[in-house]
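Asker: For reference, this is coords16.cif, and it has mmCIF, C-alpha atoms.
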data_coords
#
loop_
_atom_site.label_atom_id
_atom_site.label_comp_id
_atom_site.auth_asym_id
_atom_site.auth_seq_id
_atom_site.Cartn_x
_atom_site.Cartn_y
_atom_site.Cartn_z
CA MET A 1 76.14 97.72 62.77
CA LEU A 2 79.05 100.15 62.42
CA ASN A 3 76.90 102.60 60.49
CA ASP A 4 74.45 102.66 63.38
CA ILE A 5 77.05 103.88 65.85
CA TYR A 6 79.30 106.14 63.83
CA THR A 7 78.83 107.52 60.33
CA CYS A 8 80.43 110.95 60.71
CA GLU A 9 82.70 112.92 63.01
CA CYS A 10 80.17 113.01 65.82
CA LYS A 11 80.60 111.49 69.25
CA LEU A 12 79.59 107.97 70.09
CA LYS A 13 77.26 107.53 73.03
CA GLU A 14 79.13 107.35 76.31
CA SER A 15 78.30 104.08 78.02
CA CYS A 16 79.39 102.41 81.23
CA PHE A 17 79.50 98.98 82.78
CA PRO A 18 77.01 98.29 85.60
CA ILE A 19 77.67 100.22 88.81
CA SER A 20 76.41 99.11 92.21
CA ASN A 21 75.57 101.43 95.07
CA LYS A 22 77.97 102.03 97.96
CA SER A 23 76.28 99.62 100.37
CA GLN A 24 76.54 96.78 97.84
CA ILE A 25 80.23 97.52 97.28
CA THR A 26 80.80 97.57 101.04
CA VAL A 27 79.30 94.08 101.31
CA ARG A 28 81.46 92.88 98.43
CA LEU A 29 84.58 94.42 99.95
CA PHE A 30 84.04 92.75 103.32
CA SER A 31 83.30 89.45 101.60
CA PHE A 32 86.62 89.73 99.77
CA LEU A 33 88.52 90.54 102.97
CA LYS A 34 86.95 87.63 104.85
CA ASN A 35 88.06 85.25 102.11
CA ASP A 36 91.49 86.82 101.65
CA LEU A 37 92.61 87.47 105.23
CA ILE A 38 92.87 84.86 107.96
CA GLY A 39 91.77 86.50 111.20
CA PHE A 40 89.81 89.35 109.57
CA GLU A 41 86.96 90.72 111.69
CA GLU A 42 84.48 93.08 110.09
CA LYS A 43 84.20 95.13 113.29
CA SER A 44 87.89 96.11 113.00
CA ALA A 45 87.48 97.64 109.52
CA ILE A 46 86.18 101.14 108.81
CA ILE A 47 85.65 102.50 105.30
CA GLU A 48 87.10 105.99 105.19
CA GLU A 49 86.56 106.88 101.55
CA MET A 50 84.85 105.31 98.56
CA GLY A 51 84.25 106.50 95.03
CA LEU A 52 84.72 105.89 91.33
CA SER A 53 87.23 106.73 88.67
CA LEU A 54 85.56 106.51 85.25
CA ILE A 55 88.30 105.74 82.77
CA PRO A 56 87.47 105.97 79.05
CA SER A 57 88.00 102.90 76.88
CA TYR A 58 87.01 101.72 73.42
CA MET A 59 85.48 98.26 73.43
CA VAL A 60 86.16 96.70 70.04
CA ASP A 61 84.39 93.52 68.94
CA TYR A 62 86.25 91.74 66.17
CA SER A 63 86.68 88.53 64.24
CA ILE A 64 89.90 87.31 62.69
CA ASN A 65 90.32 84.55 60.15
CA ALA A 66 93.77 83.83 58.72
CA VAL A 67 95.48 80.76 57.25
CA PHE A 68 99.25 80.43 56.78
CA LYS A 69 100.66 77.93 54.30
CA THR A 70 104.01 76.77 53.03
CA SER A 71 104.98 74.11 50.53
CA VAL A 72 104.14 71.47 53.15
CA GLY A 73 100.59 72.80 53.64
CA VAL A 74 98.87 74.73 56.44
CA ILE A 75 101.25 75.45 59.33
CA HIS A 76 99.07 77.81 61.34
CA SER A 77 95.55 79.20 61.36
CA ILE A 78 93.51 81.74 63.34
CA ASN A 79 89.74 81.67 63.60
CA GLU A 80 88.52 83.71 66.54
CA SER A 81 85.92 86.26 67.59
CA SER A 82 86.39 88.30 70.76
CA SER A 83 86.73 91.80 72.19
CA ILE A 84 89.63 94.04 73.09
CA PHE A 85 89.72 97.29 75.03
CA LEU A 86 91.84 100.25 73.96
CA SER A 87 92.70 103.24 76.13
CA ASP A 88 92.22 106.78 74.88
CA ARG A 89 95.95 106.75 74.06
CA GLY A 90 95.36 103.82 71.72
CA GLU A 91 97.06 101.22 73.91
CA PRO A 92 95.52 97.85 74.77
CA ILE A 93 94.24 97.82 78.36
CA ASN A 94 95.66 95.17 80.67
CA PRO A 95 93.45 92.01 80.58
CA ILE A 96 93.70 91.90 84.39
CA VAL A 97 91.41 94.93 84.29
CA THR A 98 89.15 93.98 81.39
CA ASN A 99 88.66 90.21 81.79
CA PRO A 100 86.25 90.59 84.76
CA LEU A 101 84.14 92.93 82.62
CA LEU A 102 83.59 90.66 79.62
CA SER A 103 80.71 88.79 81.23
CA GLN A 104 78.88 92.15 81.47
CA LYS A 105 79.58 93.49 77.99
CA TYR A 106 75.92 93.19 77.00
CA ARG A 107 74.74 95.05 80.10
CA ILE A 108 76.41 98.41 79.44
CA TYR A 109 74.15 101.44 79.53
CA THR A 110 74.26 105.16 78.76
CA VAL A 111 75.85 107.24 81.49
CA THR A 112 73.53 109.72 83.21
CA PRO A 113 73.77 111.52 86.58
CA ASP A 114 70.76 109.49 87.78
CA ALA A 115 72.53 106.22 86.93
CA LEU A 116 75.44 107.17 89.19
CA GLY A 117 73.20 108.12 92.13
CA ASP A 118 75.11 109.36 95.18
CA VAL A 119 78.38 107.67 94.22
CA LYS A 120 81.30 110.09 94.47
CA ILE A 121 83.23 110.55 91.22
CA PHE A 122 86.94 111.12 91.79
CA GLU A 123 87.82 111.25 88.10
CA LYS A 124 85.98 111.13 84.79
CA GLY A 125 88.07 111.04 81.64
CA GLU A 126 87.13 112.21 78.16
CA PHE A 127 86.89 110.34 74.87
CA THR A 128 88.95 112.03 72.17
CA LYS A 129 89.34 109.46 69.36
CA LEU A 130 87.30 109.33 66.16
CA PHE A 131 85.92 106.10 64.76
CA LYS A 132 88.39 105.73 61.89
CA GLU A 133 91.33 106.23 64.23
CA VAL A 134 90.05 103.63 66.70
CA LYS A 135 89.38 101.13 63.90
CA SER A 136 92.87 101.59 62.44
CA THR A 137 94.54 101.36 65.86
CA ALA A 138 92.53 98.24 66.73
CA LYS A 139 93.68 96.48 63.57
CA ASP A 140 97.31 97.40 64.29
CA VAL A 141 97.02 96.11 67.86
CA LEU A 142 95.32 92.87 66.78
CA THR A 143 97.97 92.30 64.15
CA ARG A 144 100.64 92.45 66.88
CA VAL A 145 98.61 90.33 69.32
CA TYR A 146 98.06 87.52 66.83
CA THR A 147 101.51 87.53 65.26
CA GLU A 148 103.16 84.24 66.15
CA THR A 149 106.35 82.43 65.22
CA VAL A 150 105.62 78.77 64.54
CA VAL A 151 107.91 75.79 64.06
CA TYR A 152 107.28 73.27 61.28
CA TYR A 153 109.18 70.55 59.41
CA GLY A 154 109.71 70.60 55.67
CA ALA A 155 109.49 67.70 53.21
CA ASN A 156 113.22 67.15 53.83
CA ASN A 157 112.43 66.71 57.56
CA ARG A 158 114.38 69.84 58.42
CA ARG A 159 113.13 72.16 61.14
CA TYR A 160 111.96 75.62 60.04
CA GLU A 161 110.50 78.71 61.72
CA LYS A 162 108.07 81.16 60.19
CA THR A 163 106.59 84.32 61.66
CA CYS A 164 102.88 84.36 60.83
CA ILE A 165 101.55 87.92 60.62
CA PRO A 166 97.82 88.44 59.96
CA LYS A 167 96.95 90.85 57.16
CA GLN A 168 94.63 93.79 57.69
CA LYS A 169 92.05 92.14 55.43
CA ASP A 170 92.01 89.11 57.78
CA ILE A 171 90.64 91.29 60.59
CA ASN A 172 87.00 92.35 60.63
CA ILE A 173 85.94 95.05 63.12
CA LEU A 174 82.34 94.24 64.09
CA ASP A 175 81.53 96.98 66.57
CA ILE A 176 83.11 99.81 68.54
CA LYS A 177 81.68 101.35 71.70
CA GLN A 178 82.89 104.11 73.99
CA VAL A 179 82.68 102.56 77.44
CA TYR A 180 83.77 103.94 80.79
CA ILE A 181 85.55 101.39 82.95
CA PRO A 182 84.45 102.03 86.56
CA PHE A 183 87.33 101.64 89.00
CA TRP A 184 86.23 101.58 92.64
CA ASN A 185 88.73 103.47 94.81
CA ILE A 186 88.37 102.48 98.44
CA VAL A 187 90.37 103.55 101.49
CA PHE A 188 89.68 101.64 104.70
CA SER A 189 91.38 101.33 108.06
CA MET A 190 92.07 98.19 110.06
CA LEU A 191 93.15 99.10 113.59
CA LYS A 192 96.41 101.09 113.23
CA ASN A 193 96.84 100.65 109.45
CA LYS A 194 95.07 102.31 106.55
CA TYR A 195 94.82 100.62 103.15
CA ALA A 196 93.89 101.58 99.59
CA ILE A 197 92.17 99.14 97.26
CA VAL A 198 91.19 99.52 93.62
CA GLY A 199 88.56 97.09 92.40
CA ILE A 200 86.57 96.23 89.30
CA GLU A 201 83.00 95.05 89.60
CA SER A 202 82.20 91.75 87.95
CA SER A 203 79.07 89.62 87.91
CA SER A 204 80.57 87.47 90.67
CA GLY A 205 81.84 90.17 93.03
CA LEU A 206 84.63 92.71 93.41
CA THR A 207 87.89 91.88 91.63
CA ILE A 208 90.78 93.54 93.47
CA LEU A 209 93.59 94.73 91.20
CA PRO A 210 97.23 93.82 91.96
CA SER A 211 99.14 96.23 94.18
CA ASN A 212 101.55 97.24 91.40
CA ILE A 213 98.64 98.89 89.55
CA VAL A 214 97.60 101.01 92.55
CA ASP A 215 99.31 104.31 93.29
CA VAL A 216 99.05 106.25 96.56
CA LYS A 217 100.81 109.36 97.78
CA ALA A 218 103.81 108.61 99.97
CA ASP A 219 102.80 111.23 102.55
CA SER A 220 99.15 110.15 102.77
CA GLY A 221 99.69 107.54 105.48
CA VAL A 222 97.78 105.07 103.30
CA LYS A 223 99.35 101.75 102.26
CA VAL A 224 98.44 99.80 99.14
CA TYR A 225 96.60 96.61 100.05
CA PRO A 226 99.54 94.20 99.81
CA ASP A 227 100.35 91.12 97.72
CA ILE A 228 103.59 90.65 99.68
CA CYS A 229 104.21 90.33 103.41
CA MET A 230 104.48 93.76 105.00
CA ILE A 231 107.39 92.56 107.17
CA CYS A 232 109.58 90.24 105.08
CA SER A 233 108.28 91.09 101.56
CA ARG A 234 107.59 87.43 100.78
CA ILE A 235 104.92 86.89 98.10
CA MET A 236 101.66 85.76 99.72
CA LYS A 237 99.90 83.45 97.27
CA THR A 238 97.55 81.44 99.45
CA GLU A 239 97.72 82.56 103.08
CA LYS A 240 97.50 86.12 104.36
CA PHE A 241 97.15 86.88 108.04
CA VAL A 242 95.98 90.09 109.68
CA CYS A 243 97.44 91.13 113.02
CA THR A 244 94.66 91.67 115.58
CA GLU A 245 96.86 94.17 117.38
CA CYS A 246 97.70 96.60 114.57
CA GLY A 247 95.99 95.41 111.37
CA MET A 248 99.25 94.65 109.55
CA ILE A 249 99.01 91.98 106.84
CA THR A 250 101.72 89.30 106.95
CA CYS A 251 102.71 85.84 105.76
CA SER A 252 102.61 82.75 107.99
CA LYS A 253 106.29 83.10 108.98
CA ASP A 254 105.71 86.54 110.50
CA ARG A 255 102.48 85.67 112.30
CA PHE A 256 102.28 84.15 115.77
CA LYS A 257 99.65 83.24 118.36
CA CYS A 258 99.78 84.51 121.91
CA LYS A 259 100.41 81.65 124.34
CA LEU A 260 97.87 82.97 126.84
CA CYS A 261 94.96 84.52 124.94
CA GLY A 262 95.45 82.98 121.48
CA LYS A 263 95.38 86.37 119.76
CA GLN A 264 96.95 86.43 116.28
CA ILE A 265 99.81 88.93 116.20
CA CYS A 266 102.53 90.01 113.78
CA ARG A 267 106.22 89.73 114.53
CA GLU A 268 106.48 93.42 115.37
CA HIS A 269 103.94 93.08 118.20
CA THR A 270 105.13 89.74 119.54
CA SER A 271 107.04 89.53 122.80
CA PHE A 272 109.35 86.52 123.03
CA ARG A 273 110.02 85.00 126.48
CA ARG A 274 112.75 82.42 126.68
CA LYS A 275 111.75 78.96 127.87
CA PHE A 276 114.57 76.59 128.73
CA LEU A 277 117.70 77.19 126.62
CA ILE A 278 116.30 77.12 123.09
CA LEU A 279 112.51 77.47 123.04
CA LYS A 280 110.73 80.81 123.25
CA GLU A 281 107.15 81.49 124.22
CA LYS A 282 105.22 84.16 122.34
CA TYR A 283 102.89 86.74 123.85
CA CYS A 284 100.83 89.68 122.68
CA PRO A 285 101.72 93.05 124.26
CA GLN A 286 98.98 92.87 126.92
CA CYS A 287 99.74 89.29 128.00
CA ALA A 288 103.47 90.04 127.95
CA LEU A 289 102.90 92.70 130.60
CA SER A 290 100.95 90.28 132.75
CA THR A 291 103.82 87.78 132.72
CA ILE A 292 106.47 90.21 133.97
CA GLY A 293 107.94 88.97 137.22
CA LYS A 294 106.45 85.51 136.85
#
Let me see whether you can do it: turn the structure in this file into C-alpha cells.
Answerer:
Amino acid sequence: MLNDIYTCECKLKESCFPISNKSQITVRLFSFLKNDLIGFEEKSAIIEEMGLSLIPSYMVDYSINAVFKTSVGVIHSINESSSIFLSDRGEPINPIVTNPLLSQKYRIYTVTPDALGDVKIFEKGEFTKLFKEVKSTAKDVLTRVYTETVVYYGANNRRYEKTCIPKQKDINILDIKQVYIPFWNIVFSMLKNKYAIVGIESSSGLTILPSNIVDVKADSGVKVYPDICMICSRIMKTEKFVCTECGMITCSKDRFKCKLCGKQICREHTSFRRKFLILKEKYCPQCALSTIGK
C-alpha cells in the first residue's frame, strides 16, 4: 500500500475530512448550545462569522507487536493496530482534536475548490514533509507513546521494575496520508456578549474544543466560549447557565431568578432587596425599577 501513495519525492494527494455546509454547521452549533447552556434561546444568538482553518496533518496507520521477557517469563506485551496524527512539525496532535475524526477516517476525499463550496477559508497550511521523514518520525513517536515501566516479581518474590521500550522493528507503518483537519472557527453573539468557538466535525455532531486551545485577540471584544464561570472562575462540569439579560455564562452559584418575572440573570445584573433582617429578594434590572418605592 505504501508504494501506491509514495514511491519518490513527489507530493502525496492532499485530502480532507468531510466538511458540511454553513447551514448544517449552524444547526449543529445551536444544538450544542441548547444542550450545553441552561436558559439558551436560539433567538438571542446571532452568528457573526464562520469559516474554516485547514491544518495539515499526517494520518499514520500502524501496527505494533512487541513482547518483553525476563527470567520469570513475559512481563509485558503490546499487540495493537491504530492511527496517529502528526503535525507538519512532526509532533503528535492532541487526541482531543483527532479522536472525533477517527470514525470518519475512511471518508476522507481529495480537496478541491468545488468540495469546499462557499465556505470561507481563514487559513490553509502547507504540507512540507517527505514520506521517509514522516515514517521515521512516526516510529520515534510511537516508541515514546508505547514505552512503559512495568512492575513484576522475580523468582525470589522480590519486586522489580523494568522499562519496556519497543524496538523499531516491532512497529509496522501500514499507510500514511496527508489530511487536512478542518477546524470550524465561529464567532457568535448572545445579547451583550460575543463568543468564539472552535469545533471539529464528527459523525455525531460538532465537537467543541476546550477553551485553553482557542486563542482570540485581547482587543477584539470577543471572549472564548468558557469552561469556567465568567464571574467566579469555578469549573463548570455539568451545569452552565446563560444570563437572559446580558448573555454571560455562569455557574449555578452566580445565577439567580427574578422574583417577579422569573427571568434567569447573572450576579452582575441582579438587584438584591432586603427582606426582613437576613433574607434578600432578587430582581432583574427591569423588575427592580418597578419595585422602587414599594
Asker: Kindly give the distance, in Å, that separates atom CA of A:Phe256 and atom CA of A:Ile197, rounded to a single decimal.
Answerer: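 A separation of 25.9 Å between them.
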Asker: Find the nearest atom pair between each residue of stretch 176-234 of chain A and stretch 16-38 of chain A for residues within 6 Å, count only C-alpha atoms, give distances in Å to one decimal, sort rows by chain and ascending number, and present the table as a Markdown table.
Answerer:
| residue | atom | partner | partner_atom | distance |
| --- | --- | --- | --- | --- |
| A:Val179 | CA | A:Cys16 | CA | 5.0 |
| A:Tyr180 | CA | A:Cys16 | CA | 4.7 |
| A:Leu206 | CA | A:Arg28 | CA | 5.9 |
Asker: Enumerate, as a PyMOL selection string, the protein, DNA and RNA residues whose atoms approach (99.5, 96.2, 111.0) to within 8 Å, taking into account only C-alpha atoms and the coordinate frame of the file.
Answerer: chain A and resi 190-193+242-243+245-249+266
Asker: I'd like to see the residues matched by the PyMOL selection byres ((chain A and resi 229) around 12) on this file, and ideally I'd get them as a list in words.
Answerer: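 Selected by the PyMOL selection byres ((chain A and resi 229) around 12) in this file: Val224, Tyr225, Pro226, Asp227, Ile228, Met230, Ile231, Cys232, Ser233, Arg234, Ile235, Met236, Lys237, Thr238, Glu239, Lys240, Phe241, Val242, Cys243, Met248, Ile249, Thr250, Cys251, Ser252, Lys253, Asp254, Arg255, Cys266 and Arg267 of chain A.
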Asker: Leaving out A:Val134 and any residue of its chain fewer than 4 positions from it, which residues lie within 9 Å of it when counting only C-alpha atoms, given as a list in words?
Answerer: Tyr58, Val60, Leu86, Gly90, Lys129, Leu130, Ala138, Lys139 and Ile176 of chain A
Asker: Could you jot down the atom CA of A:Val187 to atom CA of A:Lys223 separation for me, Å, one decimal place?
Answerer: 9.2 Å
Asker: Extract stretch 116-149 of chain A from the preceding block and save N, CA and C atoms as a compact mmCIF listing (two decimals), in the first residue's frame.
Answerer:
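Result saved to selection.txt:
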# COMPACT_ATOMS: atom_id res chain seq x y z
N LEU A 116 -15.24 22.52 -1.28
CA LEU A 116 -15.37 23.49 -0.19
C LEU A 116 -16.57 24.41 -0.37
N GLY A 117 -17.08 24.50 -1.59
CA GLY A 117 -18.26 25.33 -1.84
C GLY A 117 -18.03 26.78 -1.46
N ASP A 118 -19.01 27.38 -0.75
CA ASP A 118 -18.91 28.80 -0.40
C ASP A 118 -18.37 29.00 1.01
N VAL A 119 -17.78 27.95 1.58
CA VAL A 119 -17.23 28.07 2.93
C VAL A 119 -15.98 28.96 2.90
N LYS A 120 -15.93 29.92 3.79
CA LYS A 120 -14.79 30.84 3.87
C LYS A 120 -13.59 30.12 4.49
N ILE A 121 -12.43 30.27 3.87
CA ILE A 121 -11.20 29.65 4.38
C ILE A 121 -10.36 30.74 5.04
N PHE A 122 -10.21 30.65 6.36
CA PHE A 122 -9.39 31.62 7.08
C PHE A 122 -7.91 31.30 6.95
N GLU A 123 -7.60 30.02 6.88
CA GLU A 123 -6.20 29.59 6.87
C GLU A 123 -6.10 28.23 6.19
N LYS A 124 -5.09 28.05 5.38
CA LYS A 124 -4.83 26.75 4.77
C LYS A 124 -3.33 26.52 4.78
N GLY A 125 -2.89 25.58 5.62
CA GLY A 125 -1.47 25.31 5.76
C GLY A 125 -0.92 24.49 4.60
N GLU A 126 0.39 24.30 4.62
CA GLU A 126 1.06 23.53 3.57
C GLU A 126 1.74 22.31 4.15
N PHE A 127 1.77 21.25 3.36
CA PHE A 127 2.49 20.03 3.74
C PHE A 127 3.93 20.16 3.26
N THR A 128 4.87 19.91 4.14
CA THR A 128 6.28 20.09 3.77
C THR A 128 7.13 18.83 3.97
N LYS A 129 6.60 17.81 4.61
CA LYS A 129 7.40 16.62 4.95
C LYS A 129 7.36 15.58 3.84
N LEU A 130 8.50 14.90 3.65
CA LEU A 130 8.57 13.78 2.72
C LEU A 130 8.23 12.48 3.44
N PHE A 131 7.91 11.46 2.65
CA PHE A 131 7.44 10.20 3.21
C PHE A 131 8.42 9.60 4.21
N LYS A 132 9.69 9.52 3.84
CA LYS A 132 10.67 8.88 4.72
C LYS A 132 10.76 9.61 6.05
N GLU A 133 10.67 10.93 6.02
CA GLU A 133 10.75 11.71 7.25
C GLU A 133 9.55 11.44 8.15
N VAL A 134 8.36 11.39 7.53
CA VAL A 134 7.15 11.12 8.31
C VAL A 134 7.21 9.73 8.92
N LYS A 135 7.64 8.75 8.13
CA LYS A 135 7.72 7.37 8.62
C LYS A 135 8.68 7.27 9.81
N SER A 136 9.85 7.90 9.67
CA SER A 136 10.84 7.86 10.76
C SER A 136 10.32 8.56 12.01
N THR A 137 9.70 9.74 11.82
CA THR A 137 9.15 10.48 12.96
C THR A 137 8.04 9.68 13.64
N ALA A 138 7.19 9.05 12.84
CA ALA A 138 6.08 8.27 13.40
C ALA A 138 6.61 7.14 14.27
N LYS A 139 7.65 6.47 13.82
CA LYS A 139 8.21 5.36 14.62
C LYS A 139 8.81 5.89 15.93
N ASP A 140 9.47 7.05 15.86
CA ASP A 140 10.02 7.64 17.08
C ASP A 140 8.91 8.00 18.06
N VAL A 141 7.85 8.60 17.54
CA VAL A 141 6.72 9.00 18.39
C VAL A 141 6.06 7.77 19.02
N LEU A 142 5.82 6.74 18.21
CA LEU A 142 5.17 5.53 18.71
C LEU A 142 6.04 4.82 19.74
N THR A 143 7.34 4.87 19.55
CA THR A 143 8.24 4.28 20.54
C THR A 143 8.05 4.95 21.89
N ARG A 144 7.95 6.29 21.89
CA ARG A 144 7.75 7.03 23.14
C ARG A 144 6.37 6.74 23.73
N VAL A 145 5.35 6.71 22.86
CA VAL A 145 3.98 6.51 23.33
C VAL A 145 3.82 5.16 24.02
N TYR A 146 4.45 4.14 23.47
CA TYR A 146 4.25 2.78 23.99
C TYR A 146 5.32 2.34 24.99
N THR A 147 6.26 3.21 25.28
CA THR A 147 7.23 2.89 26.33
C THR A 147 6.53 2.91 27.68
N GLU A 148 6.71 1.86 28.46
CA GLU A 148 6.02 1.75 29.74
C GLU A 148 6.90 1.05 30.76
N THR A 149 6.88 1.57 31.96
CA THR A 149 7.60 0.94 33.07
C THR A 149 6.63 0.02 33.81
